[in-house]
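Participant: Quick one, work_0.txt (compact mmCIF, C-alpha atoms and all ligand atoms):
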# COMPACT_ATOMS: atom_id res chain seq x y z
CA MET N 1 -3.58 -9.29 -18.97
CA GLU N 2 -1.54 -12.29 -17.81
CA GLN N 3 1.75 -11.41 -16.14
CA ASN N 4 4.98 -12.93 -17.33
CA PRO N 5 5.59 -15.60 -14.63
CA LYS N 6 9.22 -14.48 -14.35
CA LYS N 7 8.26 -10.84 -13.82
CA PRO N 8 6.68 -10.08 -10.42
CA TYR N 9 3.62 -7.86 -10.18
CA ARG N 10 4.79 -4.68 -8.47
CA ILE N 11 2.58 -2.82 -5.99
CA LEU N 12 3.46 0.51 -4.31
CA PHE N 13 1.43 1.62 -1.27
CA VAL N 14 1.36 5.39 -0.75
CA CYS N 15 0.23 7.69 2.09
CA LEU N 16 1.35 11.16 3.19
CA GLY N 17 4.38 10.54 5.43
CA ASN N 18 5.15 6.87 4.65
CA ILE N 19 5.52 6.21 8.38
CA CYS N 20 2.02 5.02 9.40
CA ARG N 21 -0.52 3.74 6.86
CA SER N 22 1.50 2.73 3.78
CA PRO N 23 4.29 0.83 5.61
CA ALA N 24 1.54 -0.97 7.58
CA ALA N 25 -0.24 -1.84 4.30
CA GLU N 26 3.07 -3.11 2.92
CA GLY N 27 3.72 -5.26 6.04
CA ILE N 28 0.20 -6.72 6.08
CA MET N 29 0.27 -7.44 2.34
CA ARG N 30 3.72 -9.04 2.66
CA GLN N 31 2.30 -11.46 5.24
CA LEU N 32 -0.80 -12.28 3.15
CA VAL N 33 1.28 -12.82 0.01
CA ALA N 34 3.66 -15.13 1.91
CA ASP N 35 0.74 -17.08 3.42
CA ALA N 36 -0.63 -17.54 -0.12
CA GLY N 37 2.77 -18.82 -1.36
CA GLN N 38 3.01 -15.90 -3.82
CA GLU N 39 6.24 -14.28 -2.58
CA GLN N 40 8.01 -14.76 -5.90
CA ALA N 41 5.08 -13.39 -7.88
CA VAL N 42 4.59 -10.07 -6.09
CA CYS N 43 6.99 -7.22 -5.30
CA LEU N 44 5.89 -4.73 -2.62
CA ASP N 45 7.11 -1.30 -1.51
CA SER N 46 5.71 1.89 0.01
CA ALA N 47 6.35 5.63 -0.25
CA GLY N 48 4.95 9.01 0.81
CA THR N 49 3.78 12.08 -1.10
CA TYR N 50 5.56 14.16 1.60
CA GLY N 51 9.29 13.46 2.01
CA GLY N 52 9.80 15.02 5.45
CA HIS N 53 10.22 11.66 7.19
CA ALA N 54 12.62 10.16 4.62
CA GLY N 55 14.91 7.54 6.12
CA GLU N 56 12.79 7.00 9.23
CA LEU N 57 11.36 3.71 10.42
CA PRO N 58 7.56 3.62 10.73
CA ASP N 59 6.09 5.64 13.61
CA ALA N 60 6.78 3.85 16.93
CA ARG N 61 3.04 3.74 17.71
CA MET N 62 2.28 2.05 14.38
CA ARG N 63 5.13 -0.41 14.90
CA ALA N 64 3.83 -1.30 18.36
CA HIS N 65 0.22 -1.80 17.24
CA ALA N 66 1.29 -3.79 14.17
CA ALA N 67 3.66 -5.97 16.25
CA ARG N 68 0.73 -7.03 18.47
CA ARG N 69 -0.88 -8.46 15.33
CA GLY N 70 2.35 -10.18 14.25
CA TYR N 71 3.60 -7.64 11.67
CA ARG N 72 7.19 -6.43 11.94
CA LEU N 73 7.47 -3.10 10.07
CA THR N 74 11.05 -2.37 8.96
CA HIS N 75 10.50 -0.14 5.91
CA ARG N 76 12.40 3.18 5.75
CA SER N 77 10.31 6.14 4.65
CA ARG N 78 10.94 7.56 1.19
CA PRO N 79 9.14 10.01 -1.09
CA VAL N 80 7.32 8.91 -4.27
CA THR N 81 9.37 9.56 -7.43
CA THR N 82 8.44 9.89 -11.10
CA ASP N 83 10.30 6.63 -11.76
CA ASP N 84 7.85 4.84 -9.43
CA PHE N 85 5.11 5.44 -12.00
CA TRP N 86 7.09 3.44 -14.58
CA ALA N 87 8.47 0.82 -12.16
CA PHE N 88 5.21 -0.23 -10.48
CA ASP N 89 2.14 -1.90 -11.99
CA CYS N 90 -0.28 -0.65 -9.33
CA ILE N 91 0.00 2.41 -7.04
CA VAL N 92 -2.35 2.31 -4.06
CA GLY N 93 -3.27 5.57 -2.27
CA MET N 94 -4.74 5.54 1.24
CA ASP N 95 -7.09 8.54 0.99
CA ASP N 96 -8.50 11.06 -1.51
CA MET N 97 -5.64 13.48 -0.96
CA ASN N 98 -3.02 10.78 -1.65
CA VAL N 99 -4.91 9.67 -4.78
CA ALA N 100 -5.29 13.26 -6.07
CA ASN N 101 -1.58 14.00 -5.44
CA LEU N 102 -0.53 10.75 -7.14
CA ARG N 103 -2.69 11.48 -10.18
CA ARG N 104 -1.14 14.94 -10.38
CA LEU N 105 2.40 13.50 -10.13
CA ALA N 106 1.78 10.81 -12.79
CA PRO N 107 3.91 11.56 -15.87
CA ASP N 108 1.26 10.50 -18.39
CA VAL N 109 -2.28 9.17 -18.79
CA GLU N 110 -1.20 5.53 -18.86
CA THR N 111 0.68 5.75 -15.56
CA GLU N 112 -2.13 7.82 -14.04
CA ARG N 113 -4.40 4.80 -14.61
CA LYS N 114 -2.19 2.74 -12.26
CA VAL N 115 -3.39 4.82 -9.29
CA VAL N 116 -6.14 3.20 -7.19
CA ARG N 117 -7.63 3.67 -3.73
CA MET N 118 -6.83 1.13 -0.99
CA THR N 119 -10.47 0.92 0.09
CA ASP N 120 -11.56 0.00 -3.47
CA PHE N 121 -10.51 -3.50 -2.35
CA SER N 122 -12.37 -3.53 0.98
CA LEU N 123 -14.36 -6.73 1.54
CA ARG N 124 -16.28 -6.57 4.84
CA LEU N 125 -15.82 -2.96 5.93
CA SER N 126 -17.82 -0.16 4.38
CA VAL N 127 -15.19 2.59 4.24
CA ASP N 128 -13.98 5.01 1.56
CA HIS N 129 -10.53 5.89 2.90
CA VAL N 130 -7.85 4.85 5.37
CA PRO N 131 -7.88 7.69 7.95
CA ASP N 132 -4.62 9.42 8.90
CA PRO N 133 -3.84 8.17 12.44
CA TYR N 134 -0.93 10.57 13.10
CA TYR N 135 -2.82 12.85 15.48
CA SER N 136 -5.12 10.16 16.84
CA GLY N 137 -4.92 7.89 19.87
CA SER N 138 -4.53 4.11 19.97
CA ASP N 139 -8.02 3.61 18.56
CA GLY N 140 -6.96 5.34 15.34
CA PHE N 141 -4.05 2.95 14.83
CA GLU N 142 -6.22 -0.09 15.52
CA GLN N 143 -8.85 1.21 13.09
CA VAL N 144 -6.20 1.68 10.38
CA LEU N 145 -4.97 -1.88 10.88
CA ASP N 146 -8.55 -3.25 10.76
CA ILE N 147 -9.21 -1.40 7.48
CA LEU N 148 -5.86 -2.45 5.99
CA GLU N 149 -6.22 -6.14 6.90
CA ASP N 150 -9.63 -6.20 5.21
CA ALA N 151 -8.59 -4.25 2.10
CA CYS N 152 -5.29 -6.15 1.65
CA ALA N 153 -7.24 -9.43 1.75
CA GLY N 154 -9.43 -7.97 -1.01
CA LEU N 155 -6.39 -6.86 -2.98
CA LEU N 156 -4.95 -10.39 -2.80
CA GLN N 157 -8.29 -11.83 -3.98
CA HIS N 158 -8.20 -9.40 -6.91
CA LEU N 159 -4.64 -10.45 -7.81
CA LEU N 160 -5.50 -14.16 -7.75
CA ALA N 161 -8.96 -13.95 -9.37
CA PRO N 162 -9.41 -15.53 -12.80
CA GLY N 163 -8.12 -12.98 -15.31
CA GLY N 164 -6.41 -11.04 -12.49
CA PRO N 165 -2.74 -10.03 -12.58
CA LEU N 166 -1.49 -13.29 -11.00
CA SER N 167 -3.93 -15.72 -12.64
CA ARG N 168 -2.57 -18.26 -15.07
CA ILE N 169 -5.86 -18.28 -16.98
P1 LIG N 201 0.97 8.57 7.24
O1 LIG N 201 0.77 9.47 8.56
O2 LIG N 201 0.65 9.44 6.07
O3 LIG N 201 -0.02 7.45 7.42
O4 LIG N 201 2.40 8.11 7.27
C1 LIG N 201 1.35 10.72 8.72
C2 LIG N 201 2.68 10.83 9.04
C3 LIG N 201 3.25 12.08 9.21
C4 LIG N 201 2.47 13.21 9.06
C5 LIG N 201 1.14 13.10 8.72
C6 LIG N 201 0.58 11.87 8.55
N1 LIG N 201 3.06 14.48 9.26
O5 LIG N 201 2.33 15.49 9.20
O6 LIG N 201 4.27 14.59 9.50
Could you express the structure from this file as structure tokens?
Ligand code: 4NP
Facilitator:
Amino acid sequence: MEQNPKKPYRILFVCLGNICRSPAAEGIMRQLVADAGQEQAVCLDSAGTYGGHAGELPDARMRAHAARRGYRLTHRSRPVTTDDFWAFDCIVGMDDMNVANLRRLAPDVETERKVVRMTDFSLRLSVDHVPDPYYSGSDGFEQVLDILEDACAGLLQHLLAPGGPLSRI
């Protein structure tokens, strides 16, 4: 359905702690949306299914790896709330556990349908989840960024496709 041009399309990225994968997805998507001149049309945020890191900046390792690719991650971790299911148009989980928890937290069937998997939008990479890098080394963080850059490009394509949320057709 066509979006009201005055009302931005709202996307929430969700992982477990909201300090590694989802703030990176938010930062990458923010850059892609800006590059596409769609900043006014899209509203982005991220959250975690676990609130233990609330208020924290993204993990220092994730910030360092992202910075090398030109992404400055300044989000402060926060837990997902019931209101998020009403406020956002699309809620993007990073792995099966995030998606299952989000579907369980959804207040009704309609909001449950807003929950999708990040890798559903993957273009080049054949992957079915964004792996948790928390206990990994540098390779894990680089792999997460590779997967997210590819899947966020696919998400943008989906938004702009004819009949997609941002299309004027
Ligand atoms: P994230 O990574 O879900 O990508 O933010 C994690 C962050 C923290 C923990 C696990 C994963 N933790 O167990 O505290």
Participant: From the set N:Asn98, N:Phe13, N:His158, N:Ile91, which residue has the shortest atom-to-atom contact distance to Leu123 of chain N, counting only C-alpha atoms?
Facilitator: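 Of all the options, N:His158 lies closest to Leu123 of chain N.
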Participant: For Ser46 of chain N, find every residue with an atom within 10 Å (counting all atoms listed in the file), except residues of its own chain fewer than 4 positions away, and show them as a list in words.
Facilitator: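 Everything that qualifies: Ile11, Leu12, Phe13, Val14, Cys15, Asn18, Ile19, Arg21, Ser22, Pro23, Ala24, Ala25, Glu26, Gly27, His75, Arg76, Ser77, Arg78, Pro79, Val80, Ile91, Val92 and Gly93 of chain N.
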Participant: Would you kindly return, as a PDB file with C-alpha atoms, keeping the file's coordinate frame, each protein, DNA or RNA residue with an atom no farther than 10 Å from any atom of Arg124 of chain N, considering all atoms listed in the file and excluding same-chain residues fewer than 6 positions away?
Facilitator:
ATOM      1  CA  ILE N 147      -9.210  -1.400   7.480  1.00  0.00           C
ATOM      2  CA  ASP N 150      -9.630  -6.200   5.210  1.00  0.00           C
ATOM      3  CA  ALA N 151      -8.590  -4.250   2.100  1.00  0.00           C
ATOM      4  CA  ALA N 153      -7.240  -9.430   1.750  1.00  0.00           C
ATOM      5  CA  GLY N 154      -9.430  -7.970  -1.010  1.00  0.00           C
TER       6      GLY N 154
END
Participant: Build an axis-aligned box that encloses every atom of ligand LIG 201 (chain N) listed in the file, pad it by 8 Å on each side, and report its centre and edge lengths in Å to one decimal, as lines of an AutoDock Vina configuration file.
Facilitator:
center_x = 2.1
center_y = 11.5
center_z = 7.8
size_x = 20.3
size_y = 24.0
size_z = 19.4
Participant: At what distance in Å, to one decimal, does atom CA of Arg63 of chain N lie from atom CA of Asp139 of chain N?
Facilitator: 14.2 Å
Participant: Would you please work out which residue, of N:Met97, N:Ala34, N:Cys90, N:Leu73, is nearest to Tyr50 of chain N when using only C-alpha atoms?
Facilitator: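 Among the listed residues, N:Met97 lies closest to Tyr50 of chain N.
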Participant: Quick one: pull the distance between atom CA of Phe85 of chain N and atom CA of Arg104 of chain N, Å, one decimal.
Facilitator: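 For atom CA of Phe85 of chain N relative to atom CA of Arg104 of chain N, the distance reads 11.5 Å.
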Participant: Could you write segment 57-77 of chain N as a compact mmCIF listing (two decimals), in the coordinates of the input, with N, CA, C and O atoms rebuilt where they are missing?
Facilitator:
# COMPACT_ATOMS: atom_id res chain seq x y z
N LEU N 57 12.18 4.91 10.26
CA LEU N 57 11.36 3.71 10.42
C LEU N 57 9.91 4.15 10.59
O LEU N 57 9.65 5.31 10.90
N PRO N 58 8.94 3.24 10.44
CA PRO N 58 7.56 3.62 10.73
C PRO N 58 7.42 4.18 12.15
O PRO N 58 8.19 3.82 13.05
N ASP N 59 6.42 5.05 12.31
CA ASP N 59 6.09 5.64 13.61
C ASP N 59 6.06 4.54 14.69
O ASP N 59 5.52 3.46 14.47
N ALA N 60 6.66 4.85 15.85
CA ALA N 60 6.78 3.85 16.93
C ALA N 60 5.41 3.32 17.35
O ALA N 60 5.27 2.14 17.70
N ARG N 61 4.38 4.20 17.32
CA ARG N 61 3.04 3.74 17.71
C ARG N 61 2.53 2.72 16.70
O ARG N 61 1.95 1.68 17.07
N MET N 62 2.73 2.99 15.40
CA MET N 62 2.28 2.05 14.38
C MET N 62 3.04 0.73 14.49
O MET N 62 2.47 -0.35 14.37
N ARG N 63 4.35 0.82 14.77
CA ARG N 63 5.13 -0.41 14.90
C ARG N 63 4.63 -1.24 16.08
O ARG N 63 4.53 -2.47 15.98
N ALA N 64 4.29 -0.57 17.17
CA ALA N 64 3.83 -1.30 18.36
C ALA N 64 2.48 -1.96 18.11
O ALA N 64 2.27 -3.14 18.44
N HIS N 65 1.55 -1.22 17.51
CA HIS N 65 0.22 -1.80 17.24
C HIS N 65 0.32 -2.94 16.24
O HIS N 65 -0.34 -3.97 16.39
N ALA N 66 1.14 -2.75 15.20
CA ALA N 66 1.29 -3.79 14.17
C ALA N 66 1.95 -5.04 14.78
O ALA N 66 1.54 -6.17 14.47
N ALA N 67 2.94 -4.83 15.65
CA ALA N 67 3.66 -5.97 16.25
C ALA N 67 2.71 -6.85 17.05
O ALA N 67 2.85 -8.07 17.06
N ARG N 68 1.71 -6.24 17.69
CA ARG N 68 0.73 -7.03 18.47
C ARG N 68 -0.08 -7.94 17.58
O ARG N 68 -0.65 -8.92 18.04
N ARG N 69 -0.16 -7.59 16.28
CA ARG N 69 -0.88 -8.46 15.33
C ARG N 69 0.08 -9.34 14.54
O ARG N 69 -0.32 -10.01 13.59
N GLY N 70 1.37 -9.29 14.90
CA GLY N 70 2.35 -10.18 14.25
C GLY N 70 3.05 -9.58 13.05
O GLY N 70 3.74 -10.32 12.33
N TYR N 71 2.93 -8.27 12.82
CA TYR N 71 3.60 -7.64 11.67
C TYR N 71 4.82 -6.86 12.17
O TYR N 71 4.69 -6.00 13.05
N ARG N 72 5.97 -7.15 11.60
CA ARG N 72 7.19 -6.43 11.94
C ARG N 72 7.45 -5.43 10.82
O ARG N 72 7.69 -5.83 9.68
N LEU N 73 7.36 -4.15 11.11
CA LEU N 73 7.47 -3.10 10.07
C LEU N 73 8.88 -2.52 10.07
O LEU N 73 9.28 -1.85 11.03
N THR N 74 9.64 -2.78 9.01
CA THR N 74 11.05 -2.37 8.96
C THR N 74 11.36 -1.42 7.79
O THR N 74 12.51 -1.08 7.57
N HIS N 75 10.31 -1.03 7.06
CA HIS N 75 10.50 -0.14 5.91
C HIS N 75 11.09 1.20 6.36
O HIS N 75 10.80 1.69 7.45
N ARG N 76 11.89 1.81 5.50
CA ARG N 76 12.40 3.18 5.75
C ARG N 76 11.66 4.14 4.84
O ARG N 76 11.61 3.93 3.61
N SER N 77 11.12 5.19 5.41
CA SER N 77 10.31 6.14 4.65
C SER N 77 11.07 6.74 3.46
O SER N 77 12.26 7.04 3.57
